[in-house]
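Peer 1: I have a structure here, written as structure tokens, and I will follow up with some questions on it.
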Amino acid sequence: MTTLLYTHPLCLEHDAGYGHPECPARLTAILNELKTGLFAALEWREAPEASLEQLTRIHAPKHVERIFARVPRHGHYAIDGDTVLSPQSGEAALRAAGAVCAAVDAVLKGEASNAFCAIRPPGHHAEPHQSMGFCLFNNAAIGAAHARAVHGLEQVAVIDFDVHHGNGTQAAFEAQRGYLYISTHQAYIYPGTGRREERGIGNIVNVPLPANAGSAELRQAWIEEIEPALRAFQPQLILISAGFDAHYLDPLAGLNFCEEDYDWLTAGILAIASEYCSGRVVSMLEGGYNLQALAASAAAHVKALIAGSPTA
């Protein structure tokens, strides 16, 4: 088995407008890096479209209808000041969510030990009834719900190391048994959620970090909070909301992670996955807005996924 890479050209066609940080160049930078010889072990697959059934396991049908109704034929439509639709945004969002569901299928069927979904738009801010924060549909939550509904899993964990708290994933899971959501993020920035006392029904673990926190604080969070929570939950599948905007070069926040941190954290997640769920991990792109740092960090993450495959 190897590591799968799911992506689709339509994910490059979602365009939030000139100067918007969530731009197609983000995905281009990652894909160009992953096309080099260092990643020859990757198996590339085309992301299918998500079905309405997959989307509505998390999102209200009226919300899904509303998003597609607002996709413009020309130009842009702003859902809010940060979240903008262009003519291909609906199809791109379907491919993004579809990539995660397809990756879940492949990993749970034993076609690969893990997968990375190089997709956009991102998803972790999208709540069941609302798109926000650059996100249209919640790719991670949709993938987790797909794993439970189609494959009968009872324990699915999502780990989110984006610099921003994944309010959408928390909202989808906080009243639902069988899900664990763990987020490490910068405290007191957008979207304003993610406090430690937000625990859902005991299935939400928020680890807010102060501004300028870096490698030492990340490792402490892993050892003291993240790893123990994962072990206690005993996941049958781990999904990763892989945002790389906690990098010290990223312009939208103020944490000081580096490429080695993403390698280290990914290796730790894979070790837990190997112990509890036969190494089954599906990761997906969230944030990251300095192109050089994003490409290097994603490369470090994917290298760790490949290294964690049994045949690597």
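By convention here, the chains of the structure tokens are called A, B, ... in the order presented, each chain's residues are numbered starting at 1, and ligands are numbered starting at 1 in the order presented.
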Name all residues at most 12 Å from Ala216 of chain A (count only C-alpha atoms; drop same-chain ones fewer than 4 positions away) and give them as JSON, numbers by chain.

Peer 2: {"A": [209, 212, 220, 221, 222, 223, 255, 256, 257, 258, 260, 261, 264, 265]}

Peer 1: What parts of segment 124-213 of chain A does DSSP call alpha helix (DSSP H)? I'd like the answer as a list in words.

Peer 2: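 Those in segment 124-213 of chain A that DSSP calls alpha helix (DSSP H) are Asn139, Ala140, Ala141, Ile142, Gly143, Ala144, Ala145, His146, Ala147, Arg148, Ala149, Val150, His151, Asn167, Gly168, Thr169, Gln170, Ala171, Ala172 and Phe173 of chain A.
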
Peer 1: Rank nothing, just name the residue among A:Ala140, A:Ala145, A:Ala16, A:Ile269 nearest to Ser241 of chain A, using only C-alpha atoms.

Peer 2: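 Among the listed residues, the smallest separation from Ser241 of chain A belongs to A:Ala140.
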
Peer 1: Which parts of segment 103-230 of chain A does DSSP call strand (DSSP E) when run on the backbone here, written out as a list in words?

Peer 2: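 Taking segment 103-230 of chain A and keeping strand (DSSP E) only, one gets Asn114, Ala115, Phe116, Cys117, Val156, Ala157, Val158, Ile159, Asp160, Tyr179, Leu180, Tyr181, Ile182, Ser183, Thr184, His185, Gln186, Ile204, Val205, Asn206, Val207, Pro208 and Leu209 of chain A.
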
Peer 1: Just to be explicit: take each residue in the selection above, keep C-alpha atoms, and write the result as a CSV table (one decimal), in the first residue's frame.

Peer 2:
```csv
chain,number,residue,atom,x,y,z
A,114,ASN,CA,-3.5,6.9,4.1
A,115,ALA,CA,-4.4,9.7,1.7
A,116,PHE,CA,-4.0,13.5,1.2
A,117,CYS,CA,-6.7,15.5,-0.4
A,156,VAL,CA,-14.1,8.7,14.0
A,157,ALA,CA,-11.6,11.4,15.1
A,158,VAL,CA,-10.8,14.7,13.4
A,159,ILE,CA,-7.5,16.5,14.3
A,160,ASP,CA,-7.3,20.1,13.2
A,179,TYR,CA,-17.0,11.8,16.9
A,180,LEU,CA,-14.0,13.3,18.5
A,181,TYR,CA,-12.8,16.8,17.4
A,182,ILE,CA,-9.4,18.0,18.5
A,183,SER,CA,-8.2,21.5,17.5
A,184,THR,CA,-4.9,23.3,18.3
A,185,HIS,CA,-5.1,26.9,17.1
A,186,GLN,CA,-4.1,30.4,18.0
A,204,ILE,CA,-14.4,18.3,21.8
A,205,VAL,CA,-10.8,19.0,22.8
A,206,ASN,CA,-9.7,22.6,22.2
A,207,VAL,CA,-6.1,23.5,22.8
A,208,PRO,CA,-5.7,27.3,22.1
A,209,LEU,CA,-2.2,28.5,21.9
```

Peer 1: Dump as a tab-separated table the rows for residues of segment 106-182 of chain A within 12 Å of segment 287-307 of chain A: closest atom pair and distance in Å with one decimal, only C-alpha atoms counted, ordered by chain and rising residue number.

Peer 2:
```
residue	atom	partner	partner_atom	distance
A:Ala112	CA	A:Ile306	CA	10.4
A:Ser113	CA	A:Leu305	CA	9.0
A:Asn114	CA	A:Leu305	CA	6.9
A:Ala115	CA	A:Leu305	CA	7.6
A:Phe116	CA	A:Val302	CA	7.1
A:Cys117	CA	A:Val302	CA	10.2
A:Ala118	CA	A:Ala298	CA	9.3
A:Ile119	CA	A:Gly287	CA	10.6
A:Arg120	CA	A:Gly287	CA	9.4
A:Pro121	CA	A:Gly287	CA	9.5
A:Pro122	CA	A:Gly287	CA	7.0
A:Gly123	CA	A:Gly287	CA	9.3
A:His124	CA	A:Gly287	CA	9.4
A:His125	CA	A:Gly287	CA	10.6
A:Gly133	CA	A:Gly287	CA	10.2
A:Phe134	CA	A:Gly287	CA	9.2
A:Cys135	CA	A:Gly287	CA	10.1
A:Asp160	CA	A:Gly287	CA	10.6
A:Phe161	CA	A:Gly287	CA	9.6
A:Asp162	CA	A:Gly287	CA	6.3
A:Val163	CA	A:Gly287	CA	7.9
A:His164	CA	A:Gly287	CA	8.4
A:His165	CA	A:Gly287	CA	11.0
A:Gly166	CA	A:Gly287	CA	10.8
```

Peer 1: May I have the residues from that selection written out with N, CA and C atoms, as a short mmCIF file (atom, residue, chain, number, x, y, z; two decimals), in the first residue's frame?

Peer 2:
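part-v6.cif, written as the output of this step:
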```cif
data_model
loop_
_atom_site.label_atom_id
_atom_site.label_comp_id
_atom_site.auth_asym_id
_atom_site.auth_seq_id
_atom_site.Cartn_x
_atom_site.Cartn_y
_atom_site.Cartn_z
N ALA A 112 -5.16 1.73 0.25
CA ALA A 112 -4.01 2.49 0.69
C ALA A 112 -4.10 2.64 2.20
N SER A 113 -2.98 2.92 2.82
CA SER A 113 -3.01 3.11 4.26
C SER A 113 -3.44 4.51 4.64
N ASN A 114 -3.12 5.49 3.78
CA ASN A 114 -3.52 6.86 4.07
C ASN A 114 -3.65 7.65 2.78
N ALA A 115 -4.15 8.89 2.89
CA ALA A 115 -4.39 9.72 1.72
C ALA A 115 -4.31 11.19 2.09
N PHE A 116 -3.93 12.01 1.10
CA PHE A 116 -3.96 13.46 1.24
C PHE A 116 -4.83 14.03 0.15
N CYS A 117 -5.76 14.89 0.52
CA CYS A 117 -6.65 15.53 -0.43
C CYS A 117 -6.19 16.97 -0.64
N ALA A 118 -5.62 17.23 -1.83
CA ALA A 118 -5.14 18.57 -2.19
C ALA A 118 -6.30 19.29 -2.85
N ILE A 119 -7.07 20.00 -2.04
CA ILE A 119 -8.37 20.51 -2.48
C ILE A 119 -8.57 21.95 -2.03
N ARG A 120 -9.47 22.61 -2.65
CA ARG A 120 -10.03 23.88 -2.23
C ARG A 120 -11.37 24.03 -2.94
N PRO A 121 -12.33 24.76 -2.36
CA PRO A 121 -12.21 25.54 -1.14
C PRO A 121 -12.03 24.68 0.11
N PRO A 122 -11.44 25.29 1.17
CA PRO A 122 -11.31 24.57 2.43
C PRO A 122 -12.67 24.39 3.08
N GLY A 123 -12.69 23.80 4.31
CA GLY A 123 -14.00 23.44 4.84
C GLY A 123 -14.26 23.64 6.30
N HIS A 124 -13.23 23.77 7.15
CA HIS A 124 -13.50 23.57 8.58
C HIS A 124 -14.27 24.69 9.26
N HIS A 125 -14.45 25.84 8.60
CA HIS A 125 -15.30 26.89 9.17
C HIS A 125 -16.77 26.74 8.77
N GLY A 133 -15.78 32.00 6.45
CA GLY A 133 -14.35 31.83 6.60
C GLY A 133 -13.67 31.15 5.44
N PHE A 134 -14.02 31.53 4.21
CA PHE A 134 -13.48 30.96 2.97
C PHE A 134 -14.09 29.59 2.63
N CYS A 135 -14.93 29.03 3.53
CA CYS A 135 -15.37 27.63 3.41
C CYS A 135 -16.84 27.55 2.99
N ASP A 160 -7.33 18.85 13.94
CA ASP A 160 -7.28 20.09 13.18
C ASP A 160 -6.12 20.93 13.71
N PHE A 161 -5.07 21.10 12.87
CA PHE A 161 -3.95 21.93 13.32
C PHE A 161 -3.83 23.24 12.53
N ASP A 162 -4.90 23.63 11.86
CA ASP A 162 -4.97 24.96 11.26
C ASP A 162 -4.82 26.02 12.35
N VAL A 163 -4.28 27.17 12.00
CA VAL A 163 -4.09 28.22 13.01
C VAL A 163 -5.42 28.79 13.51
N HIS A 164 -6.48 28.62 12.73
CA HIS A 164 -7.81 29.08 13.13
C HIS A 164 -8.64 27.90 13.62
N HIS A 165 -9.46 28.14 14.61
CA HIS A 165 -10.32 27.08 15.15
C HIS A 165 -11.36 26.67 14.11
N GLY A 166 -11.61 25.37 14.02
CA GLY A 166 -12.60 24.85 13.08
C GLY A 166 -13.99 24.86 13.70
#
```

Peer 1: Here is a test: counting only C-alpha atoms, which residue of A:His14, A:Arg148, A:Arg66, A:Arg195 is nearest to Gln236 of chain A?

Peer 2: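 The shortest atom-to-atom distance to Gln236 of chain A comes from A:Arg148.
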
Peer 1: So that I can check the surroundings of Gln130 of chain A, please list as a PyMOL selection string every protein, DNA and RNA residue that reaches within 7 Å of it, counting only C-alpha atoms and ignoring chain neighbours fewer than 3 positions away.

Peer 2: chain A and resi 63+126-127

Peer 1: Find, counting only C-alpha atoms, the residue in A:Ala232, A:Glu22, A:His76, A:Arg219 that gets nearest to Asn203 of chain A.

Peer 2: A:Ala232

Peer 1: Calculate how many Å separate atom CA of Ala99 of chain A from atom CA of Thr7 of chain A, rounding to one decimal.

Peer 2: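 Between atom CA of Ala99 of chain A and atom CA of Thr7 of chain A the gap is 6.7 Å.
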
Peer 1: Would you mind listing what lies within 8 Å of Leu55 of chain A as a PyMOL selection string, with only C-alpha atoms counted and same-chain residues fewer than 3 positions away left out?

Peer 2: chain A and resi 50-52+58-59+64+97+137+142

Peer 1: May I have the selected residues written with C-alpha atoms, as a short mmCIF file (atom, residue, chain, number, x, y, z; two decimals), in the first residue's frame?

Peer 2:
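Listed below is the output, part02.cif:
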```
data_model
loop_
_atom_site.label_atom_id
_atom_site.label_comp_id
_atom_site.auth_asym_id
_atom_site.auth_seq_id
_atom_site.Cartn_x
_atom_site.Cartn_y
_atom_site.Cartn_z
CA ALA A 50 -19.79 14.56 -3.69
CA SER A 51 -23.41 13.49 -3.78
CA LEU A 52 -26.30 15.40 -2.22
CA ILE A 58 -23.79 17.39 7.74
CA HIS A 59 -25.44 20.36 6.03
CA VAL A 64 -26.92 23.29 0.21
CA ALA A 97 -15.95 17.12 -0.44
CA PHE A 137 -19.00 22.83 2.82
CA ILE A 142 -18.66 15.22 5.57
#
```

Peer 1: Work out how far apart atom CA of His151 of chain A and atom CA of Leu237 of chain A are and give it in Å to one decimal.

Peer 2: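 Straight-line distance from atom CA of His151 of chain A to atom CA of Leu237 of chain A works out to 10.8 Å.
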
Peer 1: Work out how far atom CA of Glu286 of chain A is from atom CA of Leu42 of chain A, in Å to one decimal.

Peer 2: 19.9 Å
